[in-house]
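Student: Sharing entry.txt (compact mmCIF, C-alpha atoms and all ligand atoms) below.
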```
# COMPACT_ATOMS: atom_id res chain seq x y z
CA MET A 347 25.20 -34.98 21.20
CA ALA A 348 24.35 -34.17 17.59
CA GLU A 349 26.97 -32.55 15.34
CA TYR A 350 24.91 -29.36 14.96
CA GLN A 351 22.63 -27.65 17.50
CA LEU A 352 20.15 -24.99 16.51
CA HIS A 353 18.65 -22.52 18.98
CA CYS A 354 15.11 -22.14 17.65
CA PHE A 355 11.37 -22.36 18.30
CA ALA A 356 8.48 -23.57 16.14
CA GLN A 357 6.87 -20.19 15.42
CA SER A 358 10.08 -18.65 14.04
CA GLY A 359 10.29 -18.46 10.27
CA ASN A 360 13.72 -16.90 10.67
CA ALA A 361 14.89 -20.08 12.42
CA TYR A 362 12.98 -22.29 9.97
CA ARG A 363 15.38 -21.30 7.19
CA ALA A 364 18.26 -22.91 9.12
CA ALA A 365 16.25 -25.90 10.40
CA LEU A 366 15.00 -26.70 6.91
CA MET A 367 18.49 -26.44 5.44
CA LEU A 368 19.87 -28.81 8.11
CA ASN A 369 17.14 -31.32 7.33
CA LEU A 370 17.49 -31.03 3.56
CA ILE A 371 21.24 -31.64 3.65
CA GLY A 372 20.71 -34.64 5.96
CA ALA A 373 22.79 -33.13 8.78
CA ASP A 374 23.01 -34.70 12.22
CA TRP A 375 21.32 -31.91 14.18
CA GLN A 376 19.13 -31.22 17.17
CA PRO A 377 16.98 -28.24 18.08
CA LEU A 378 17.61 -26.36 21.33
CA PHE A 379 14.29 -24.86 22.41
CA VAL A 380 14.24 -21.12 23.08
CA ASP A 381 11.30 -20.08 25.26
CA PHE A 382 10.80 -16.92 23.24
CA PHE A 383 7.19 -16.12 24.20
CA GLY A 384 7.28 -17.43 27.79
CA LYS A 385 10.40 -16.40 29.65
CA GLY A 386 11.81 -14.42 26.71
CA VAL A 387 15.26 -15.83 27.50
CA GLN A 388 16.73 -14.17 24.40
CA ARG A 389 16.36 -10.85 26.21
CA SER A 390 18.35 -11.88 29.28
CA PRO A 391 21.88 -10.56 29.80
CA GLU A 392 23.09 -14.17 30.25
CA TRP A 393 21.74 -15.26 26.85
CA ARG A 394 23.12 -12.16 25.17
CA GLY A 395 26.46 -12.81 26.85
CA ASP A 396 26.70 -16.53 26.17
CA VAL A 397 24.68 -17.16 23.01
CA ASN A 398 24.11 -14.07 20.85
CA GLU A 399 24.86 -10.46 21.70
CA MET A 400 22.20 -9.43 19.15
CA GLY A 401 19.48 -11.13 21.21
CA GLU A 402 18.24 -12.98 18.13
CA LEU A 403 17.83 -16.49 16.91
CA PRO A 404 18.46 -18.72 15.02
CA VAL A 405 21.88 -19.52 16.44
CA LEU A 406 23.76 -22.50 15.00
CA VAL A 407 26.33 -24.23 17.17
CA HIS A 408 28.92 -26.34 15.35
CA GLY A 409 31.92 -27.40 17.44
CA ASN A 410 33.46 -24.20 18.79
CA ARG A 411 31.56 -22.04 16.34
CA LYS A 412 28.40 -20.09 17.11
CA LEU A 413 26.83 -18.61 14.00
CA THR A 414 23.94 -16.16 13.87
CA GLN A 415 21.94 -14.51 11.08
CA SER A 416 20.17 -17.09 8.96
CA GLY A 417 21.92 -15.84 5.81
CA VAL A 418 25.30 -16.53 7.39
CA ILE A 419 24.11 -19.94 8.63
CA LEU A 420 22.77 -20.88 5.18
CA THR A 421 26.03 -19.80 3.55
CA TYR A 422 28.10 -21.79 6.03
CA LEU A 423 26.02 -24.96 5.66
CA SER A 424 26.00 -24.74 1.86
CA GLU A 425 29.78 -24.34 1.78
CA HIS A 426 30.29 -27.24 4.19
CA SER A 427 27.84 -29.62 2.51
CA GLY A 428 28.22 -28.50 -1.11
CA LYS A 429 24.40 -28.48 -1.30
CA PHE A 430 22.15 -25.56 -2.29
CA LEU A 431 25.41 -23.75 -3.02
CA PRO A 432 25.39 -20.93 -5.56
CA ARG A 433 28.16 -21.68 -8.09
CA GLY A 434 30.67 -19.04 -9.19
CA GLU A 435 30.91 -15.36 -8.32
CA ASP A 436 27.85 -14.20 -10.26
CA GLU A 437 25.55 -16.76 -8.60
CA ARG A 438 27.06 -16.11 -5.17
CA LEU A 439 26.39 -12.39 -5.48
CA GLU A 440 22.92 -12.99 -6.87
CA ALA A 441 22.05 -15.30 -3.96
CA LEU A 442 23.33 -12.70 -1.49
CA ARG A 443 21.25 -10.01 -3.21
CA TRP A 444 18.05 -12.05 -2.76
CA ILE A 445 18.91 -13.06 0.81
CA ILE A 446 19.38 -9.43 1.83
CA PHE A 447 16.18 -8.39 0.02
CA ASP A 448 14.36 -11.23 1.76
CA ASN A 449 15.69 -10.44 5.23
CA GLN A 450 14.79 -6.78 4.91
CA LYS A 451 11.76 -6.62 2.65
CA VAL A 452 9.96 -9.95 2.27
CA ASN A 453 10.14 -12.06 5.43
CA GLY A 454 11.56 -8.99 7.17
CA PHE A 455 8.01 -7.54 6.98
CA LEU A 456 6.02 -10.81 7.03
CA GLY A 457 7.55 -11.95 10.34
CA PRO A 458 6.67 -8.78 12.29
CA TYR A 459 3.21 -8.65 10.63
CA ARG A 460 2.41 -12.19 11.79
CA PHE A 461 3.89 -11.50 15.23
CA LEU A 462 1.78 -8.35 15.69
CA LYS A 463 -1.35 -10.16 14.49
CA ASN A 464 -1.02 -13.35 16.55
CA PHE A 465 1.33 -12.98 19.47
CA ALA A 466 1.87 -9.33 20.50
CA LYS A 467 -0.07 -7.89 23.41
CA PRO A 468 -1.55 -5.51 22.51
CA ALA A 469 -1.87 -6.52 18.85
CA GLY A 470 -0.39 -4.24 16.19
CA HIS A 471 -1.99 -0.83 15.62
CA PRO A 472 -4.10 -0.81 12.42
CA ALA A 473 -1.90 1.90 10.87
CA VAL A 474 1.22 -0.19 11.44
CA MET A 475 -0.48 -3.30 10.03
CA GLU A 476 -1.61 -1.35 6.97
CA PHE A 477 1.88 -0.04 6.36
CA LEU A 478 3.41 -3.52 6.66
CA LYS A 479 0.72 -5.10 4.46
CA GLY A 480 1.41 -2.61 1.68
CA ARG A 481 5.12 -3.44 1.75
CA ILE A 482 4.40 -7.19 1.92
CA ASP A 483 2.05 -7.07 -1.09
CA ASN A 484 4.57 -5.13 -3.15
CA ASN A 485 7.50 -7.38 -2.28
CA LEU A 486 5.62 -10.65 -2.77
CA ARG A 487 4.71 -9.42 -6.26
CA ILE A 488 8.42 -8.93 -6.94
CA VAL A 489 9.19 -12.51 -5.84
CA ASP A 490 6.25 -13.88 -7.84
CA LYS A 491 7.46 -12.08 -10.97
CA ARG A 492 10.99 -13.37 -10.44
CA LEU A 493 9.62 -16.93 -10.39
CA ALA A 494 7.74 -16.56 -13.66
CA GLY A 495 9.47 -18.86 -16.13
CA ARG A 496 12.12 -20.15 -13.72
CA PRO A 497 11.56 -22.89 -11.15
CA TYR A 498 13.84 -21.41 -8.48
CA ILE A 499 15.13 -17.95 -7.59
CA LEU A 500 18.49 -18.37 -9.35
CA GLY A 501 17.27 -20.62 -12.14
CA GLU A 502 17.06 -24.36 -12.61
CA SER A 503 18.26 -25.52 -9.14
CA PRO A 504 17.28 -24.63 -5.59
CA THR A 505 19.87 -22.67 -3.61
CA ILE A 506 20.14 -20.94 -0.27
CA ALA A 507 18.31 -17.95 -1.79
CA ASP A 508 15.18 -20.13 -2.01
CA LEU A 509 15.65 -21.50 1.50
CA SER A 510 15.89 -17.98 2.87
CA LEU A 511 12.79 -16.77 1.05
CA VAL A 512 10.49 -19.58 2.24
CA ALA A 513 10.96 -18.55 5.89
CA TYR A 514 7.33 -17.74 6.84
CA LEU A 515 5.59 -19.00 3.71
CA TYR A 516 4.53 -22.46 4.92
CA TYR A 517 2.74 -21.17 8.04
CA PRO A 518 -1.08 -21.37 7.84
CA PRO A 519 -2.78 -18.54 5.89
CA ASP A 520 -5.05 -17.76 8.87
CA GLU A 521 -1.97 -16.64 10.83
CA PHE A 522 -1.60 -13.83 8.26
CA GLY A 523 -5.23 -13.24 7.38
CA PHE A 524 -4.36 -13.62 3.69
CA ASP A 525 -3.39 -16.54 1.48
CA ILE A 526 -0.01 -15.98 -0.16
CA ALA A 527 0.06 -19.15 -2.26
CA GLY A 528 -3.60 -18.71 -3.21
CA THR A 529 -2.95 -15.27 -4.69
CA HIS A 530 0.53 -15.75 -6.24
CA LYS A 531 0.60 -18.64 -8.70
CA ASN A 532 4.35 -18.67 -9.31
CA ILE A 533 5.07 -18.62 -5.58
CA ALA A 534 2.53 -21.46 -5.13
CA GLY A 535 4.33 -23.69 -7.68
CA TRP A 536 7.73 -22.88 -6.20
CA LEU A 537 6.53 -23.73 -2.66
CA MET A 538 5.29 -27.09 -3.96
CA ARG A 539 8.66 -27.81 -5.63
CA ILE A 540 10.55 -27.05 -2.42
CA LYS A 541 8.07 -29.09 -0.39
CA ALA A 542 8.82 -32.07 -2.66
CA LEU A 543 12.56 -32.02 -1.85
CA PRO A 544 13.66 -35.05 0.24
CA GLY A 545 13.90 -34.01 3.89
CA TRP A 546 11.35 -31.17 3.70
CA ALA A 547 9.27 -30.77 6.86
CA HIS A 548 6.80 -28.18 8.09
CA PRO A 549 8.14 -25.66 10.64
CA TYR A 550 5.68 -26.90 13.26
CA ASP A 551 7.06 -30.44 12.85
CA LEU A 552 10.72 -29.47 12.62
CA MET A 553 11.15 -27.18 15.62
CA PRO A 554 9.88 -27.45 19.21
CA GLY A 555 7.18 -25.35 20.87
CA HIS A 556 3.99 -25.86 18.85
CA PRO A 557 1.27 -25.43 19.89
CA LEU A 558 1.93 -22.64 22.34
CA PRO A 559 0.68 -23.32 25.88
CA LYS A 560 -2.63 -21.53 26.54
N1 LIG B 1 17.88 -11.36 10.11
C1 LIG B 1 17.80 -12.28 11.23
C2 LIG B 1 16.46 -12.11 11.92
C3 LIG B 1 16.40 -12.93 13.20
C4 LIG B 1 15.20 -12.55 14.05
O1 LIG B 1 14.68 -11.42 14.03
N2 LIG B 1 14.76 -13.52 14.86
C5 LIG B 1 13.69 -13.25 15.79
C6 LIG B 1 12.93 -14.53 16.13
S1 LIG B 1 11.89 -15.00 14.79
C7 LIG B 1 14.30 -12.75 17.06
O2 LIG B 1 15.18 -13.39 17.60
N3 LIG B 1 13.83 -11.61 17.56
C8 LIG B 1 14.27 -11.08 18.79
C9 LIG B 1 14.29 -9.60 18.77
O3 LIG B 1 14.25 -9.01 17.67
O4 LIG B 1 14.35 -9.05 19.84
C10 LIG B 1 17.99 -13.71 10.72
O5 LIG B 1 17.61 -13.96 9.58
O6 LIG B 1 18.56 -14.54 11.44
```
What do you get writing this file as structure tokens?

Tutor:
Amino acid sequence: MAEYQLHCFAQSGNAYRAALMLNLIGADWQPLFVDFFGKGVQRSPEWRGDVNEMGELPVLVHGNRKLTQSGVILTYLSEHSGKFLPRGEDERLEALRWIIFDNQKVNGFLGPYRFLKNFAKPAGHPAVMEFLKGRIDNNLRIVDKRLAGRPYILGESPTIADLSLVAYLYYPPDEFGFDIAGTHKNIAGWLMRIKALPGWAHPYDLMPGHPLPK
């Protein structure tokens, strides 16, 4: 059995943050497939009892530890590997600030938007989609501005703040109906830099469950 196990599935950008980090640090890890769209196991009382009371993934298993919330998982892996680690109190707080902003306002809106567009039955109501799109546009502009003149969110080196923020950004533009990299040049350059890191892989290649059965 691998040292780390990650409960995940290919369509989850939230889980991608953790899967990508594991790959980039060269960890010995294996994915544990969660049948999110089929059986919806994450909603079962057994899963909530044994795996995560919050009914969410990713969940990282390391020895006797079970960690949830991608921000917690990224922090743990960076402290254990010494990689993508914000250095000193100021950087640590700055990374946390961007991770919380990302979870709530960037990928926190992009994930539900993509889910409502592609997977929900019925699909999202136009008024809901319009509301989410407005928030997404505003918050992507904030990230794009942050990346003007600096290669990564905290500065010269990639950290867990970057690995949190890329969550849904490598999925195909047609899954959103708009092209994020095509319309944000600083985000586009940053995505290319992260893609060039040794160990980078696309979410559909890194986690099981793509394509979805018809
Ligand atoms: N802030 C959490 C978000 C996790 C999350 O919402 N994961 C989705 C899958 S992409 C989930 O498990 N959703 C189940 C639900 O909300 O019921 C994180 O970053 O880990």

Student: Show me which residues sit within 6 Å of ligand LIG 1 (chain B) when counting only C-alpha atoms and all ligand atoms, and put them as a list in words.

Tutor: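 Checking only C-alpha atoms and all ligand atoms against ligand LIG 1 (chain B) at 6 Å gives Ser358, Gly359, Asn360, Gly401, Glu402, Leu403, Pro404, Gln415, Ser416 and Asn449 of chain A.
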
Student: If you measure from atom CA of A:Arg496 to atom CA of A:Phe522, what distance in Å do you get, rounded to one decimal?

Tutor: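 Straight-line distance from atom CA of A:Arg496 to atom CA of A:Phe522 works out to 26.7 Å.
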
Student: Nearest to A:Ile533 among A:Glu425, A:Asp448, A:Asp436, A:Asp508, with distances taken over all atoms listed in the file: which residue is it?

Tutor: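 With all atoms listed in the file as the atom set, the closest residue is A:Asp508.
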
Student: Which neighbours of stretch 458-468 of chain A fall inside 9 Å, counting all atoms listed in the file, when residues of the same chain fewer than 2 positions from it are skipped, and could you give them as a list in words?

Tutor: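 So the residues in contact are Phe383, Asn453, Gly454, Phe455, Leu456, Gly470, His471, Val474, Met475, Leu478, Lys479, Ile482, Tyr514, Glu521, Phe522 and Gly523 of chain A.
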
Student: Skip stretch 542-546 of chain A itself and residues of its chain fewer than 2 positions away, then list as an MDAnalysis selection string all residues within 8 Å of it, counting only C-alpha atoms.

Tutor: chainID A and resid 366 369:372 538:540 548

Student: Between atom CA of A:Ala547 and atom CA of A:Gly434, what is the distance, to one decimal in Å?

Tutor: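 Interatomic distance, atom CA of A:Ala547 to atom CA of A:Gly434: 29.2 Å.
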
Student: Looking at all atoms listed in the file, which of A:Asp381, A:Trp375, A:Trp444, A:Tyr550 is the one that sits closest to A:Pro518?

Tutor: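 Answer, going by the shortest atom-to-atom distance: A:Tyr550.
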
Student: Counting all atoms listed in the file, which of A:Val397, A:Val489, A:Leu423, A:Ile499 gets nearest to A:Glu437?

Tutor: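 Ranking A:Val397, A:Val489, A:Leu423, A:Ile499 by distance to A:Glu437, first place goes to A:Ile499.
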
Student: Name the closest residue to A:Leu486 among the candidates A:Phe447, A:Tyr422, A:Tyr517, A:Phe382; distances are taken between atoms, counting only C-alpha atoms.

Tutor: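 Nearest to A:Leu486: A:Phe447.
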
Student: I'd like the interatomic distance between atom CA of A:Tyr498 and atom CA of A:Leu420, to a tenth of an Å.

Tutor: 16.3 Å

Student: Which residue out of A:Val407, A:Ala527, A:Leu537, A:Ile506 has the minimum interatomic distance to A:Arg438 when all atoms listed in the file are used?

Tutor: A:Ile506

Student: May I have the residues within 9 Å of A:Thr414 as a list in words, using only C-alpha atoms and disregarding those fewer than 3 positions away in the same chain?

Tutor: Asn398, Met400, Glu402, Leu403, Pro404, Val405, Leu406, Gly417, Val418 and Ile419 of chain A

Student: Return the single residue from A:Pro557, A:Gly428, A:Gly384, A:Pro549 that is closest to A:Ala364, with distances computed using all atoms listed in the file.

Tutor: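 Once distances to A:Ala364 are computed over all atoms listed in the file, the minimum belongs to A:Pro549.
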
Student: Go ahead and fit an axis-aligned box to every listed atom of stretch 475-479 of chain A plus 6 Å each side, and pass me the centre and edge lengths in Å, one decimal, as JSON.

Tutor:
```
{"center_x": 0.9, "center_y": -2.6, "center_z": 7.2, "size_x": 17.0, "size_y": 17.1, "size_z": 17.6}
```

Student: Can you take the partial stretch 377-388 of chain A, add all heavy atoms, and return it as an mmCIF file, in the frame of the given file?

Tutor:
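Result file out-v2.cif:
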```
data_model
loop_
_atom_site.group_PDB
_atom_site.id
_atom_site.type_symbol
_atom_site.label_atom_id
_atom_site.label_comp_id
_atom_site.auth_asym_id
_atom_site.auth_seq_id
_atom_site.Cartn_x
_atom_site.Cartn_y
_atom_site.Cartn_z
ATOM 1 N N PRO A 377 17.422 -29.578 17.701
ATOM 2 C CA PRO A 377 16.980 -28.240 18.080
ATOM 3 C C PRO A 377 17.210 -27.993 19.565
ATOM 4 O O PRO A 377 17.104 -28.916 20.373
ATOM 5 C CB PRO A 377 15.481 -28.278 17.770
ATOM 6 C CG PRO A 377 15.093 -29.709 17.811
ATOM 7 C CD PRO A 377 16.314 -30.542 17.555
ATOM 8 N N LEU A 378 17.553 -26.778 19.931
ATOM 9 C CA LEU A 378 17.610 -26.360 21.330
ATOM 10 C C LEU A 378 16.492 -25.332 21.514
ATOM 11 O O LEU A 378 16.539 -24.254 20.903
ATOM 12 C CB LEU A 378 18.967 -25.721 21.669
ATOM 13 C CG LEU A 378 20.225 -26.570 21.453
ATOM 14 C CD1 LEU A 378 21.483 -25.763 21.773
ATOM 15 C CD2 LEU A 378 20.179 -27.841 22.297
ATOM 16 N N PHE A 379 15.497 -25.692 22.300
ATOM 17 C CA PHE A 379 14.290 -24.860 22.410
ATOM 18 C C PHE A 379 14.586 -23.527 23.098
ATOM 19 O O PHE A 379 15.156 -23.488 24.185
ATOM 20 C CB PHE A 379 13.200 -25.610 23.158
ATOM 21 C CG PHE A 379 11.962 -24.801 23.397
ATOM 22 C CD1 PHE A 379 11.238 -24.293 22.315
ATOM 23 C CD2 PHE A 379 11.512 -24.543 24.679
ATOM 24 C CE1 PHE A 379 10.088 -23.535 22.520
ATOM 25 C CE2 PHE A 379 10.360 -23.791 24.892
ATOM 26 C CZ PHE A 379 9.653 -23.288 23.813
ATOM 27 N N VAL A 380 14.158 -22.451 22.467
ATOM 28 C CA VAL A 380 14.240 -21.120 23.080
ATOM 29 C C VAL A 380 12.816 -20.718 23.478
ATOM 30 O O VAL A 380 11.920 -20.665 22.626
ATOM 31 C CB VAL A 380 14.807 -20.078 22.083
ATOM 32 C CG1 VAL A 380 14.816 -18.688 22.708
ATOM 33 C CG2 VAL A 380 16.214 -20.478 21.642
ATOM 34 N N ASP A 381 12.624 -20.457 24.762
ATOM 35 C CA ASP A 381 11.300 -20.080 25.260
ATOM 36 C C ASP A 381 11.079 -18.589 24.992
ATOM 37 O O ASP A 381 11.110 -17.756 25.894
ATOM 38 C CB ASP A 381 11.207 -20.408 26.758
ATOM 39 C CG ASP A 381 9.791 -20.230 27.274
ATOM 40 O OD1 ASP A 381 8.880 -19.978 26.469
ATOM 41 O OD2 ASP A 381 9.615 -20.311 28.508
ATOM 42 N N PHE A 382 10.852 -18.300 23.739
ATOM 43 C CA PHE A 382 10.800 -16.920 23.240
ATOM 44 C C PHE A 382 9.604 -16.165 23.811
ATOM 45 O O PHE A 382 9.724 -15.031 24.272
ATOM 46 C CB PHE A 382 10.696 -16.997 21.711
ATOM 47 C CG PHE A 382 10.822 -15.688 20.991
ATOM 48 C CD1 PHE A 382 12.069 -15.201 20.620
ATOM 49 C CD2 PHE A 382 9.695 -14.954 20.643
ATOM 50 C CE1 PHE A 382 12.190 -14.002 19.921
ATOM 51 C CE2 PHE A 382 9.813 -13.761 19.941
ATOM 52 C CZ PHE A 382 11.062 -13.285 19.582
ATOM 53 N N PHE A 383 8.421 -16.810 23.780
ATOM 54 C CA PHE A 383 7.190 -16.120 24.200
ATOM 55 C C PHE A 383 6.978 -16.198 25.711
ATOM 56 O O PHE A 383 6.333 -15.341 26.283
ATOM 57 C CB PHE A 383 5.974 -16.744 23.504
ATOM 58 C CG PHE A 383 5.998 -16.578 22.014
ATOM 59 C CD1 PHE A 383 6.192 -17.678 21.184
ATOM 60 C CD2 PHE A 383 5.851 -15.332 21.437
ATOM 61 C CE1 PHE A 383 6.212 -17.525 19.801
ATOM 62 C CE2 PHE A 383 5.876 -15.164 20.056
ATOM 63 C CZ PHE A 383 6.058 -16.268 19.241
ATOM 64 N N GLY A 384 7.483 -17.255 26.344
ATOM 65 C CA GLY A 384 7.280 -17.430 27.790
ATOM 66 C C GLY A 384 8.249 -16.565 28.580
ATOM 67 O O GLY A 384 7.975 -15.408 28.916
ATOM 68 N N LYS A 385 9.423 -17.123 28.822
ATOM 69 C CA LYS A 385 10.400 -16.400 29.650
ATOM 70 C C LYS A 385 11.128 -15.323 28.851
ATOM 71 O O LYS A 385 11.758 -14.441 29.423
ATOM 72 C CB LYS A 385 11.419 -17.383 30.215
ATOM 73 C CG LYS A 385 10.832 -18.416 31.174
ATOM 74 C CD LYS A 385 11.943 -19.049 32.008
ATOM 75 C CE LYS A 385 11.397 -20.021 33.030
ATOM 76 N NZ LYS A 385 11.097 -21.351 32.446
ATOM 77 N N GLY A 386 11.089 -15.422 27.528
ATOM 78 C CA GLY A 386 11.810 -14.420 26.710
ATOM 79 C C GLY A 386 13.296 -14.455 27.004
ATOM 80 O O GLY A 386 13.937 -13.398 27.125
ATOM 81 N N VAL A 387 13.859 -15.682 27.076
ATOM 82 C CA VAL A 387 15.260 -15.830 27.500
ATOM 83 C C VAL A 387 16.233 -15.068 26.603
ATOM 84 O O VAL A 387 17.300 -14.653 27.054
ATOM 85 C CB VAL A 387 15.719 -17.310 27.549
ATOM 86 C CG1 VAL A 387 15.111 -18.033 28.717
ATOM 87 C CG2 VAL A 387 15.389 -18.035 26.257
ATOM 88 N N GLN A 388 15.820 -14.863 25.339
ATOM 89 C CA GLN A 388 16.730 -14.170 24.400
ATOM 90 C C GLN A 388 16.991 -12.725 24.810
ATOM 91 O O GLN A 388 17.921 -12.096 24.318
ATOM 92 C CB GLN A 388 16.163 -14.244 22.972
ATOM 93 C CG GLN A 388 14.949 -13.366 22.680
ATOM 94 C CD GLN A 388 13.646 -13.886 23.292
ATOM 95 O OE1 GLN A 388 13.595 -14.976 23.847
ATOM 96 N NE2 GLN A 388 12.587 -13.099 23.196
#
```
